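**Student:** My structure is in upload.txt, and what it holds is compact mmCIF, C-alpha atoms:
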# COMPACT_ATOMS: atom_id res chain seq x y z
CA MET A 1 -101.70 10.11 -91.22
CA PHE A 2 -99.45 12.41 -93.25
CA SER A 3 -97.94 14.87 -90.82
CA ARG A 4 -95.96 18.04 -91.55
CA LYS A 5 -92.90 16.30 -90.13
CA PHE A 6 -93.11 13.20 -92.35
CA LEU A 7 -90.85 14.42 -95.13
CA PHE A 8 -88.33 15.79 -92.60
CA SER A 9 -87.73 12.33 -91.20
CA VAL A 10 -87.31 10.50 -94.51
CA ASN A 11 -83.79 9.30 -95.33
CA PRO A 12 -81.98 12.26 -97.01
CA LEU A 13 -80.28 9.97 -99.54
CA LEU A 14 -83.67 8.62 -100.57
CA LYS A 15 -84.97 12.18 -100.98
CA ILE A 16 -81.97 13.13 -103.16
CA GLY A 17 -82.51 10.00 -105.28
CA VAL A 18 -86.24 10.64 -105.69
CA SER A 19 -85.71 14.31 -106.57
CA LEU A 20 -83.17 13.34 -109.25
CA ALA A 21 -85.62 10.73 -110.57
CA ILE A 22 -88.38 13.38 -110.73
CA VAL A 23 -86.09 15.68 -112.75
CA ALA A 24 -85.27 12.82 -115.16
CA VAL A 25 -88.98 11.87 -115.48
CA ALA A 26 -90.02 15.53 -116.00
CA LEU A 27 -87.49 15.90 -118.82
CA SER A 28 -88.81 12.79 -120.57
CA LEU A 29 -92.56 13.59 -120.34
CA LYS A 30 -94.43 14.62 -123.48
CA THR A 31 -98.09 14.78 -122.40
CA LEU A 32 -99.85 17.53 -120.48
CA ASP A 33 -101.84 15.11 -118.24
CA ALA A 34 -98.72 13.39 -116.95
CA ILE A 35 -96.87 16.63 -116.17
CA VAL A 36 -100.00 18.05 -114.46
CA VAL A 37 -100.13 15.04 -112.09
CA LEU A 38 -96.41 15.34 -111.31
CA VAL A 39 -96.67 19.07 -110.56
CA ILE A 40 -99.80 18.58 -108.39
CA VAL A 41 -97.98 15.96 -106.30
CA LEU A 42 -94.92 18.23 -105.91
CA LEU A 43 -97.09 21.22 -104.96
CA ALA A 44 -98.99 19.07 -102.45
CA LEU A 45 -95.69 17.99 -100.89
CA LEU A 46 -94.49 21.59 -100.82
CA VAL A 47 -97.64 23.01 -99.23
CA THR A 48 -97.99 20.22 -96.66
CA SER A 49 -94.31 20.21 -95.64
CA ILE A 50 -93.14 23.82 -95.68
CA ARG A 51 -94.67 27.15 -94.70
CA ILE A 52 -94.47 29.36 -97.79
CA PRO A 53 -94.56 33.15 -97.32
CA LEU A 54 -97.51 34.70 -99.16
CA LYS A 55 -95.25 37.18 -100.99
CA SER A 56 -93.08 34.36 -102.40
CA ALA A 57 -96.16 32.38 -103.47
CA ILE A 58 -97.60 35.42 -105.29
CA ALA A 59 -94.23 36.13 -106.97
CA VAL A 60 -94.00 32.52 -108.22
CA ILE A 61 -97.61 32.60 -109.52
CA ILE A 62 -96.95 35.88 -111.38
CA ALA A 63 -93.70 34.49 -112.88
CA PHE A 64 -95.56 31.31 -113.89
CA LEU A 65 -98.33 33.29 -115.63
CA LEU A 66 -95.78 35.55 -117.36
CA PHE A 67 -93.90 32.48 -118.59
CA ILE A 68 -97.14 31.05 -120.05
CA ALA A 69 -97.94 34.41 -121.68
CA PHE A 70 -94.43 34.65 -123.15
CA GLY A 71 -94.62 31.05 -124.41
CA THR A 72 -98.07 31.61 -125.94
CA LEU A 73 -96.77 34.70 -127.75
CA THR A 74 -93.68 33.00 -129.17
CA LEU A 75 -95.16 29.54 -129.84
CA SER A 76 -98.75 30.63 -130.74
CA ASN A 77 -99.98 27.60 -128.79
CA TRP A 78 -101.16 28.10 -125.20
CA GLN A 79 -101.29 24.37 -124.44
CA LEU A 80 -97.64 23.93 -125.39
CA ALA A 81 -96.76 27.06 -123.39
CA LEU A 82 -98.62 25.62 -120.38
CA PHE A 83 -96.81 22.30 -120.81
CA TYR A 84 -93.38 23.98 -120.80
CA ALA A 85 -94.30 26.16 -117.80
CA LEU A 86 -95.44 23.06 -115.87
CA ARG A 87 -92.31 21.18 -116.91
CA LEU A 88 -90.17 24.03 -115.63
CA LEU A 89 -92.07 23.83 -112.32
CA ALA A 90 -91.56 20.05 -112.20
CA LEU A 91 -87.81 20.60 -112.75
CA SER A 92 -87.56 23.46 -110.25
CA LEU A 93 -89.65 22.13 -107.35
CA PRO A 94 -87.94 18.87 -106.30
CA ALA A 95 -84.70 20.51 -105.12
CA PRO A 96 -86.30 23.07 -102.74
CA VAL A 97 -88.98 20.61 -101.56
CA PHE A 98 -86.40 18.05 -100.52
CA ALA A 99 -83.71 20.55 -99.48
CA LEU A 100 -86.01 22.55 -97.20
CA THR A 101 -87.11 19.35 -95.47
CA THR A 102 -83.51 18.20 -94.86
CA SER A 103 -81.35 19.79 -92.20
CA PRO A 104 -77.73 20.56 -93.14
CA THR A 105 -76.58 18.03 -90.51
CA ASP A 106 -78.66 15.26 -92.09
CA LEU A 107 -77.37 16.17 -95.52
CA VAL A 108 -73.75 16.07 -94.34
CA ARG A 109 -74.39 12.62 -92.81
CA ALA A 110 -75.91 11.50 -96.12
CA LEU A 111 -72.92 12.80 -98.08
CA GLN A 112 -70.55 11.02 -95.68
CA ALA A 113 -72.57 7.84 -96.09
CA ILE A 114 -72.10 7.87 -99.88
CA LYS A 115 -68.34 8.29 -99.35
CA LEU A 116 -68.16 11.74 -100.92
CA PRO A 117 -64.52 12.97 -100.67
CA SER A 118 -63.99 14.24 -97.13
CA PHE A 119 -62.61 17.60 -98.29
CA LEU A 120 -65.92 18.29 -100.09
CA VAL A 121 -67.91 17.39 -96.98
CA LEU A 122 -65.63 19.68 -94.94
CA SER A 123 -66.12 22.51 -97.47
CA LEU A 124 -69.90 22.11 -97.36
CA MET A 125 -69.94 21.99 -93.57
CA LEU A 126 -67.86 25.17 -93.38
CA VAL A 127 -70.05 26.97 -95.92
CA TRP A 128 -73.26 26.05 -94.09
CA ARG A 129 -71.79 26.93 -90.72
CA PHE A 130 -70.22 30.26 -91.68
CA LEU A 131 -72.52 31.61 -94.42
CA PRO A 132 -74.91 33.17 -91.83
CA VAL A 133 -71.93 34.51 -89.84
CA ILE A 134 -70.42 36.21 -92.89
CA GLN A 135 -73.86 37.53 -93.88
CA GLN A 136 -74.07 39.13 -90.43
CA GLU A 137 -70.60 40.60 -91.00
CA SER A 138 -71.72 42.13 -94.29
CA GLN A 139 -74.81 43.53 -92.53
CA ARG A 140 -72.55 45.09 -89.88
CA ILE A 141 -70.38 46.67 -92.58
CA LEU A 142 -73.50 48.09 -94.27
CA GLU A 143 -74.68 49.52 -90.94
CA ALA A 144 -71.24 51.00 -90.22
CA ASN A 145 -71.42 52.75 -93.59
CA GLN A 146 -74.91 54.03 -92.79
CA LEU A 147 -73.61 55.52 -89.54
CA ARG A 148 -71.07 57.44 -91.62
CA GLY A 149 -73.87 58.66 -93.89
CA VAL A 150 -73.08 56.31 -96.80
CA GLU A 151 -76.19 54.52 -98.08
CA LEU A 152 -74.59 51.64 -100.01
CA SER A 153 -77.89 50.23 -101.27
CA ARG A 154 -78.29 53.40 -103.37
CA GLN A 155 -74.61 53.71 -104.34
CA PRO A 156 -73.44 50.54 -106.11
CA HIS A 157 -70.24 52.33 -107.25
CA ARG A 158 -69.13 52.33 -103.57
CA TRP A 159 -69.75 48.62 -103.03
CA PHE A 160 -66.12 47.73 -103.76
CA SER A 161 -64.41 50.09 -101.31
CA GLY A 162 -67.27 50.32 -98.82
CA LEU A 163 -68.43 46.71 -98.63
CA PHE A 164 -66.28 44.16 -100.44
CA VAL A 165 -62.80 45.27 -99.31
CA PRO A 166 -63.66 45.16 -95.57
CA LEU A 167 -65.68 41.98 -96.13
CA VAL A 168 -62.72 40.24 -97.80
CA PHE A 169 -60.47 41.21 -94.88
CA ARG A 170 -63.00 39.77 -92.41
CA ILE A 171 -63.41 36.58 -94.47
CA VAL A 172 -59.65 36.05 -94.71
CA SER A 173 -59.36 36.56 -90.92
CA TYR A 174 -62.13 34.00 -90.35
CA ALA A 175 -60.42 31.53 -92.70
CA ASP A 176 -57.15 31.88 -90.76
CA GLU A 177 -58.85 31.50 -87.38
CA VAL A 178 -60.87 28.45 -88.46
CA THR A 179 -57.75 26.82 -89.94
CA ILE A 180 -55.84 27.35 -86.71
CA GLY A 181 -58.83 26.04 -84.72
CA LEU A 182 -59.07 22.88 -86.83
CA GLU A 183 -55.30 22.28 -86.84
CA THR A 184 -55.10 22.72 -83.07
CA ARG A 185 -57.78 20.06 -82.67
CA GLY A 186 -55.81 17.72 -84.93
CA TYR A 187 -58.43 17.69 -87.68
CA ASP A 188 -57.25 15.86 -90.79
CA PRO A 189 -59.69 15.67 -93.72
CA SER A 190 -57.94 12.59 -95.11
CA LEU A 191 -58.53 10.47 -92.01
CA PRO A 192 -61.68 8.29 -91.73
CA ARG A 193 -64.44 9.86 -89.63
CA THR A 194 -67.04 8.33 -87.38
CA ILE A 195 -70.72 9.29 -87.37
CA SER A 196 -72.61 9.65 -84.09
CA LYS A 197 -76.01 8.92 -85.67
CA PRO A 198 -75.52 6.73 -88.76
CA LEU A 199 -78.26 6.74 -91.38
CA THR A 200 -80.66 3.83 -91.08
CA TRP A 201 -83.55 2.58 -93.22
CA GLN A 202 -86.84 3.03 -91.39
CA SER A 203 -90.45 2.09 -92.07
CA ARG A 204 -91.31 5.63 -93.24
CA ASP A 205 -88.59 5.31 -95.89
CA THR A 206 -90.33 2.17 -97.21
CA VAL A 207 -93.66 4.06 -97.25
CA PHE A 208 -92.04 6.97 -99.10
CA THR A 209 -90.42 4.62 -101.65
CA ILE A 210 -93.70 2.79 -102.33
CA ALA A 211 -95.59 6.10 -102.65
CA SER A 212 -92.95 7.42 -105.07
CA TRP A 213 -93.14 4.30 -107.23
CA LEU A 214 -96.94 4.54 -107.21
CA ILE A 215 -96.83 8.16 -108.41
CA PHE A 216 -94.21 7.36 -111.07
CA GLY A 217 -96.49 4.47 -112.18
CA ILE A 218 -99.51 6.79 -112.52
CA VAL A 219 -97.43 9.34 -114.44
CA ALA A 220 -96.08 6.60 -116.75
CA HIS A 221 -99.61 5.27 -117.31
CA LEU A 222 -100.81 8.75 -118.33
CA GLU A 223 -97.76 9.26 -120.55
CA PHE A 224 -98.05 6.01 -122.49
CA MET B 1 -46.27 21.40 -106.02
CA SER B 2 -47.20 20.27 -102.48
CA ARG B 3 -50.35 18.36 -101.59
CA TRP B 4 -53.58 20.15 -100.78
CA GLN B 5 -53.49 21.22 -97.15
CA LEU B 6 -56.28 21.75 -94.65
CA ARG B 7 -55.76 25.52 -94.90
CA ASP B 8 -56.35 25.35 -98.67
CA TYR B 9 -59.71 23.64 -98.23
CA VAL B 10 -60.75 26.12 -95.53
CA PHE B 11 -59.66 29.11 -97.62
CA ALA B 12 -61.55 27.77 -100.66
CA ALA B 13 -64.68 27.23 -98.52
CA PHE B 14 -64.55 30.83 -97.28
CA MET B 15 -64.11 32.12 -100.83
CA THR B 16 -67.18 30.07 -101.76
CA ILE B 17 -69.06 31.89 -98.99
CA GLY B 18 -67.91 35.21 -100.50
CA ILE B 19 -69.10 34.16 -103.95
CA ALA B 20 -72.45 33.07 -102.49
CA ILE B 21 -72.85 36.39 -100.65
CA ALA B 22 -72.03 38.28 -103.86
CA SER B 23 -74.90 36.40 -105.52
CA VAL B 24 -77.26 37.12 -102.60
CA ILE B 25 -76.50 40.85 -102.96
CA THR B 26 -76.54 41.20 -106.75
CA VAL B 27 -78.85 38.56 -108.28
CA PRO B 28 -82.14 39.92 -106.79
CA LEU B 29 -81.47 43.20 -108.66
CA THR B 30 -81.98 41.47 -112.02
CA LEU B 31 -84.56 38.75 -111.28
CA SER B 32 -87.22 40.43 -113.40
CA ILE B 33 -85.02 40.86 -116.50
CA PRO B 34 -85.59 37.92 -118.91
CA LEU B 35 -82.19 38.08 -120.62
CA PRO B 36 -79.73 35.17 -120.61
CA GLY B 37 -76.59 36.00 -118.64
CA VAL B 38 -77.82 39.24 -117.10
CA ARG B 39 -77.51 37.77 -113.60
CA THR B 40 -73.96 36.63 -114.39
CA ILE B 41 -73.08 40.14 -115.61
CA VAL B 42 -74.04 41.77 -112.30
CA TRP B 43 -72.69 38.87 -110.21
CA ALA B 44 -69.31 38.52 -111.96
CA PRO B 45 -67.56 41.75 -110.84
CA PHE B 46 -68.09 40.91 -107.16
CA ALA B 47 -67.92 37.11 -107.32
CA GLY B 48 -64.79 37.54 -109.46
CA ILE B 49 -63.04 39.20 -106.48
CA PHE B 50 -63.37 36.04 -104.40
CA LEU B 51 -62.64 33.74 -107.34
CA THR B 52 -59.42 35.67 -108.04
CA LEU B 53 -58.44 35.57 -104.36
CA GLY B 54 -58.99 31.83 -104.27
CA MET B 55 -56.98 31.34 -107.47
CA ALA B 56 -54.17 33.58 -106.16
CA ARG B 57 -53.96 31.72 -102.85
CA LEU B 58 -54.43 28.14 -104.09
CA GLN B 59 -52.74 28.59 -107.51
CA ARG B 60 -53.03 24.99 -108.75
CA CYS B 61 -55.46 23.28 -111.13
CA GLY B 62 -58.67 22.34 -109.32
CA SER B 63 -58.92 25.62 -107.39
CA VAL B 64 -61.99 26.78 -109.31
CA ALA B 65 -63.47 23.28 -109.11
CA LEU B 66 -63.10 23.30 -105.32
CA MET B 67 -64.75 26.71 -104.91
CA ILE B 68 -67.45 26.48 -107.56
CA GLY B 69 -68.11 22.75 -107.01
CA THR B 70 -69.03 23.50 -103.40
CA LEU B 71 -71.14 26.46 -104.54
CA ALA B 72 -72.91 24.22 -107.08
CA MET B 73 -73.71 21.68 -104.35
CA LEU B 74 -74.96 24.46 -102.11
CA LEU B 75 -77.14 26.08 -104.79
CA SER B 76 -78.47 22.70 -105.95
CA ARG B 77 -80.63 22.97 -102.85
CA ILE B 78 -82.42 25.83 -104.62
CA SER B 79 -82.46 24.31 -108.10
CA TRP B 80 -80.69 21.48 -109.93
CA ILE B 81 -80.53 23.82 -112.94
CA ILE B 82 -78.17 26.24 -111.14
CA GLY B 83 -75.96 23.36 -110.01
CA ALA B 84 -75.84 21.93 -113.53
CA PHE B 85 -74.75 25.12 -115.29
CA LEU B 86 -72.15 25.93 -112.64
CA VAL B 87 -70.63 22.46 -113.01
CA GLY B 88 -70.59 22.92 -116.79
CA ALA B 89 -68.81 26.28 -116.46
CA LEU B 90 -66.25 24.99 -113.95
CA LEU B 91 -65.40 22.01 -116.17
CA ILE B 92 -64.76 24.34 -119.13
CA THR B 93 -62.64 26.69 -116.99
CA GLU B 94 -60.57 23.91 -115.44
CA GLY B 95 -60.18 22.33 -118.90
CA VAL B 96 -58.82 25.57 -120.38
CA LEU B 97 -56.57 26.39 -117.40
CA TRP B 98 -55.25 22.83 -117.25
CA PHE B 99 -53.25 23.65 -120.38
CA ARG B 100 -51.73 26.68 -118.61
CA GLY B 101 -50.79 24.65 -115.54
CA GLY B 102 -52.93 26.43 -112.96
CA TYR B 103 -53.46 29.97 -111.74
CA ARG B 104 -49.96 31.12 -110.77
CA GLN B 105 -49.73 34.17 -113.05
CA ARG B 106 -52.06 37.16 -113.15
CA LEU B 107 -52.82 36.36 -116.80
CA ASP B 108 -53.91 32.83 -115.81
CA ARG B 109 -56.31 34.27 -113.27
CA LEU B 110 -57.65 36.79 -115.82
CA ILE B 111 -58.25 33.97 -118.31
CA GLY B 112 -59.82 31.87 -115.55
CA ASN B 113 -62.27 34.62 -114.62
CA VAL B 114 -63.19 35.54 -118.19
CA VAL B 115 -63.64 31.90 -119.25
CA PHE B 116 -65.63 30.99 -116.15
CA PHE B 117 -68.15 33.82 -116.33
CA ALA B 118 -68.49 33.75 -120.13
CA SER B 119 -69.01 29.97 -120.09
CA ALA B 120 -71.46 30.32 -117.17
CA THR B 121 -73.64 32.48 -119.44
CA VAL B 122 -73.45 29.96 -122.27
CA THR B 123 -74.01 26.87 -120.11
CA GLY B 124 -76.74 28.71 -118.20
CA ALA B 125 -78.48 29.50 -121.48
CA ILE B 126 -78.15 25.92 -122.70
CA VAL B 127 -79.33 24.33 -119.44
CA GLY B 128 -82.07 26.97 -119.07
CA ALA B 129 -83.26 26.45 -122.64
CA TYR B 130 -83.27 22.67 -122.17
CA ALA B 131 -85.27 23.01 -118.95
CA ALA B 132 -87.70 25.70 -120.08
CA GLY B 133 -88.40 24.32 -123.53
CA ASP B 134 -88.85 25.61 -127.06
CA ALA B 135 -90.19 29.11 -126.30
CA PHE B 136 -87.29 30.10 -124.12
CA ALA B 137 -84.76 28.24 -126.30
CA ALA B 138 -85.92 30.15 -129.39
CA TRP B 139 -85.58 33.43 -127.49
CA ILE B 140 -82.11 32.93 -126.02
CA SER B 141 -80.50 31.08 -128.92
CA GLN B 142 -80.68 34.23 -131.04
CA ALA B 143 -77.07 35.20 -131.74
CA TRP B 144 -77.74 38.94 -131.29
CA ILE B 145 -78.67 38.27 -127.65
CA LEU B 146 -76.41 35.41 -126.63
CA ILE B 147 -73.10 36.62 -128.13
CA PRO B 148 -73.17 40.15 -126.61
CA MET B 149 -74.30 38.76 -123.24
CA THR B 150 -71.46 36.21 -123.29
CA LEU B 151 -68.93 38.92 -124.15
CA LEU B 152 -70.33 41.21 -121.44
CA SER B 153 -70.14 38.35 -118.90
CA GLY B 154 -66.48 37.82 -119.82
CA LEU B 155 -65.87 41.56 -119.47
CA ALA B 156 -67.63 41.59 -116.08
CA GLY B 157 -65.41 38.67 -115.05
CA ALA B 158 -62.36 40.71 -116.11
CA ILE B 159 -63.55 43.60 -113.92
CA GLY B 160 -63.89 41.12 -111.05
CA TRP B 161 -60.34 39.92 -111.73
CA TRP B 162 -59.04 43.52 -111.71
CA MET B 163 -60.72 44.28 -108.38
CA GLY B 164 -59.61 40.92 -107.00
CA GLU B 165 -55.97 41.62 -107.89
CA LYS B 166 -56.24 45.02 -106.17
CA ILE B 167 -57.42 43.30 -102.99
CA VAL B 168 -54.71 40.62 -103.34
CA THR B 169 -52.12 43.44 -103.31
CA GLN B 170 -53.77 45.06 -100.27
CA LEU B 171 -53.89 41.73 -98.42
CA GLN B 172 -50.23 41.09 -99.23
CA ARG B 173 -49.28 44.53 -97.92
CA ALA B 174 -51.26 43.84 -94.75
CA GLY B 175 -49.46 40.51 -94.36
CA LYS B 176 -52.74 38.59 -94.56
CA LEU B 177 -52.08 36.67 -97.78
CA ASN B 178 -49.02 34.72 -98.66
CA VAL B 179 -49.07 34.36 -102.45
Have the structure of the file written as structure tokens, please.
**Tutor:**
Amino acid sequence: MFSRKFLFSVNPLLKIGVSLAIVAVALSLKTLDAIVVLVIVLLALLVTSIRIPLKSAIAVIIAFLLFIAFGTLTLSNWQLALFYALRLLALSLPAPVFALTTSPTDLVRALQAIKLPSFLVLSLMLVWRFLPVIQQESQRILEANQLRGVELSRQPHRWFSGLFVPLVFRIVSYADEVTIGLETRGYDPSLPRTISKPLTWQSRDTVFTIASWLIFGIVAHLEF
Amino acid sequence: MSRWQLRDYVFAAFMTIGIAIASVITVPLTLSIPLPGVRTIVWAPFAGIFLTLGMARLQRCGSVALMIGTLAMLLSRISWIIGAFLVGALLITEGVLWFRGGYRQRLDRLIGNVVFFASATVTGAIVGAYAAGDAFAAWISQAWILIPMTLLSGLAGAIGWWMGEKIVTQLQRAGKLNV
């Protein structure tokens, strides 16, 4: 039984590989039938794995229809316009589908497993960890401005002095504090690191691989 | 020049966060405008502040690659297309600045900003056109659209550099940045 959690528990490296393969396949497709099947599968994965806010879904549908209308106007061929719109969807969907079903921790473990340079893994970890914190800081700065009667959302010319200068000072302070914290704990990005939960190949990964090959086979059959 | 230190990586990561926040604030303002590079034009003045700070602090070749490479990996979670054009732009920028030996001088940082944001518009248009197909490619490959947007992106990058240098001076005065 396909559960909402299925895609979350698939090996993140496998998901990255499959999403790259989907992008490569989407770029090479030439027939409408094949691209329709690929997009239907991706949409099914998206809908069954992630809760999509209604507003976002409506915005995407409107953008999709506008893209078809624009393509029909410029190409004078609605079928070709539909094909390009579907291809754009097939290129755009894999990354969010697989990213939103992979936790940052799992992704970091996957990147460590493929021996990505440790400084890059460290950078990614820091960005994921501190992006929400710095966003909260920027929200605080906006609120502090509001208390002083400055509505920054309506005054972009004040963004530099009112938002970005204090934000930069906060970010630089955070960078200093985190560096000191890491140095005090003896962190060295060049040293080999251990992983508490190493990635393993599980039966659901085999199921996912077989299902992916099956779908690629159907798409190839329709294409040729 | 000394080896990359832990503090360099941490500083670059925090500048990446700043660049990402600049995009969160500015990009939604232009989502409905179907012009190539328009998002870069509004993003560049504010992202350029953090890019300039990172260049001023790190100074050596690879600084932009470290900041934008991490950003590309982060934004690849939204779309491979964004990751691809950012990588293209950072390779061009690092390629150009490699001949100048890094980002030590203000002029180097100005060139770095202008080249990065202008090339981001061009690579974004190329990758976008390749992904979206003939209709979009025909629209954005028109010289009267692409050339002005590229020039405006470079100009927006220069504004970002100017604001970034102002903050570098303020940080130096406050004793928070050792350049």
**Student:** Output as a PyMOL selection string the set of chain A residues within 6 Å of chain B, with distances taken over only C-alpha atoms.
**Tutor:** chain A and resi 71+74+84+88+92+95-96+99+123+127+131+175+179
**Student:** Smallest atom-to-atom distance to Gly37 in chain B: which of B:Arg106, B:Ala65, B:Val122, B:Gly160, using only C-alpha atoms?
**Tutor:**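 Nearest candidate to Gly37 in chain B out of B:Arg106, B:Ala65, B:Val122, B:Gly160: B:Val122.
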**Student:** Between B:Val127, B:Ile19, B:Ile41, B:Leu29, which residue has the minimum interatomic distance to Phe85 in chain B, considering all atoms listed in the file?
**Tutor:**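 Between B:Val127, B:Ile19, B:Ile41, B:Leu29, the residue approaching Phe85 in chain B most closely is B:Val127.
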**Student:** Between CA of Leu29 in chain A and CA of Trp78 in chain A, what is the distance in Å, rounded to a tenth?
**Tutor:**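 If I compute the distance from CA of Leu29 in chain A to CA of Trp78 in chain A, I get 17.6 Å.
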**Student:** Which is closest to Gln172 in chain B among A:Ile40, A:Val172, A:Leu66, A:Val97, if we use all atoms listed in the file?
**Tutor:**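 Going through A:Ile40, A:Val172, A:Leu66, A:Val97 one by one, the smallest distance to Gln172 in chain B is for A:Val172.
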**Student:** Skip Trp98 in chain B itself and residues of its chain fewer than 4 positions away, then list as a list in words all residues within 12 Å of it, counting all atoms listed in the file.
**Tutor:**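 That gives Gln59, Arg60, Cys61, Gly62, Ser63, Val64, Ala65, Leu90, Leu91, Ile92, Thr93, Glu94, Gly102, Tyr103, Arg104, Asp108, Ile111 and Gly112 of chain B.
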**Student:** Write out, as a PDB file, in the frame of the given file, the residues just selected, with C-alpha atoms.
**Tutor:**
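After the write, selection-v2.pdb holds the following:
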ATOM      1  CA  GLN B  59     -52.740  28.590-107.510  1.00  0.00           C
ATOM      2  CA  ARG B  60     -53.030  24.990-108.750  1.00  0.00           C
ATOM      3  CA  CYS B  61     -55.460  23.280-111.130  1.00  0.00           C
ATOM      4  CA  GLY B  62     -58.670  22.340-109.320  1.00  0.00           C
ATOM      5  CA  SER B  63     -58.920  25.620-107.390  1.00  0.00           C
ATOM      6  CA  VAL B  64     -61.990  26.780-109.310  1.00  0.00           C
ATOM      7  CA  ALA B  65     -63.470  23.280-109.110  1.00  0.00           C
ATOM      8  CA  LEU B  90     -66.250  24.990-113.950  1.00  0.00           C
ATOM      9  CA  LEU B  91     -65.400  22.010-116.170  1.00  0.00           C
ATOM     10  CA  ILE B  92     -64.760  24.340-119.130  1.00  0.00           C
ATOM     11  CA  THR B  93     -62.640  26.690-116.990  1.00  0.00           C
ATOM     12  CA  GLU B  94     -60.570  23.910-115.440  1.00  0.00           C
ATOM     13  CA  GLY B 102     -52.930  26.430-112.960  1.00  0.00           C
ATOM     14  CA  TYR B 103     -53.460  29.970-111.740  1.00  0.00           C
ATOM     15  CA  ARG B 104     -49.960  31.120-110.770  1.00  0.00           C
ATOM     16  CA  ASP B 108     -53.910  32.830-115.810  1.00  0.00           C
ATOM     17  CA  ILE B 111     -58.250  33.970-118.310  1.00  0.00           C
ATOM     18  CA  GLY B 112     -59.820  31.870-115.550  1.00  0.00           C
TER      19      GLY B 112
END
**Student:** Mind pulling up the distance from CA of Leu152 in chain B to CA of Ala44 in chain B?
**Tutor:**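 Interatomic distance here is 9.9 Å.
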**Student:** Would you mind putting back N, CA and C atoms on range 166-179 of chain B, then writing it out as an mmCIF file, in the frame of the given file?
**Tutor:**
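Output saved as result38.cif:
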data_model
loop_
_atom_site.group_PDB
_atom_site.id
_atom_site.type_symbol
_atom_site.label_atom_id
_atom_site.label_comp_id
_atom_site.auth_asym_id
_atom_site.auth_seq_id
_atom_site.Cartn_x
_atom_site.Cartn_y
_atom_site.Cartn_z
ATOM 1 N N LYS B 166 -56.486 43.866 -107.038
ATOM 2 C CA LYS B 166 -56.240 45.020 -106.170
ATOM 3 C C LYS B 166 -56.306 44.599 -104.703
ATOM 4 N N ILE B 167 -57.292 43.746 -104.397
ATOM 5 C CA ILE B 167 -57.420 43.300 -102.990
ATOM 6 C C ILE B 167 -56.282 42.344 -102.632
ATOM 7 N N VAL B 168 -55.837 41.528 -103.596
ATOM 8 C CA VAL B 168 -54.710 40.620 -103.340
ATOM 9 C C VAL B 168 -53.495 41.457 -102.906
ATOM 10 N N THR B 169 -53.249 42.568 -103.644
ATOM 11 C CA THR B 169 -52.120 43.440 -103.310
ATOM 12 C C THR B 169 -52.284 44.027 -101.902
ATOM 13 N N GLN B 170 -53.518 44.481 -101.609
ATOM 14 C CA GLN B 170 -53.770 45.060 -100.270
ATOM 15 C C GLN B 170 -53.559 44.027 -99.171
ATOM 16 N N LEU B 171 -54.044 42.799 -99.423
ATOM 17 C CA LEU B 171 -53.890 41.730 -98.420
ATOM 18 C C LEU B 171 -52.414 41.376 -98.223
ATOM 19 N N GLN B 172 -51.669 41.388 -99.332
ATOM 20 C CA GLN B 172 -50.230 41.090 -99.230
ATOM 21 C C GLN B 172 -49.521 42.149 -98.399
ATOM 22 N N ARG B 173 -49.891 43.420 -98.671
ATOM 23 C CA ARG B 173 -49.280 44.530 -97.920
ATOM 24 C C ARG B 173 -49.608 44.415 -96.424
ATOM 25 N N ALA B 174 -50.839 43.969 -96.142
ATOM 26 C CA ALA B 174 -51.260 43.840 -94.750
ATOM 27 C C ALA B 174 -50.715 42.569 -94.098
ATOM 28 N N GLY B 175 -50.027 41.750 -94.884
ATOM 29 C CA GLY B 175 -49.460 40.510 -94.360
ATOM 30 C C GLY B 175 -50.497 39.438 -94.103
ATOM 31 N N LYS B 176 -51.653 39.539 -94.795
ATOM 32 C CA LYS B 176 -52.740 38.590 -94.560
ATOM 33 C C LYS B 176 -52.795 37.506 -95.628
ATOM 34 N N LEU B 177 -52.033 37.666 -96.701
ATOM 35 C CA LEU B 177 -52.080 36.670 -97.780
ATOM 36 C C LEU B 177 -50.679 36.394 -98.259
ATOM 37 N N ASN B 178 -50.327 35.114 -98.231
ATOM 38 C CA ASN B 178 -49.020 34.720 -98.660
ATOM 39 C C ASN B 178 -49.114 34.080 -100.032
ATOM 40 N N VAL B 179 -48.927 34.882 -101.089
ATOM 41 C CA VAL B 179 -49.070 34.360 -102.450
ATOM 42 C C VAL B 179 -47.688 34.113 -103.040
#
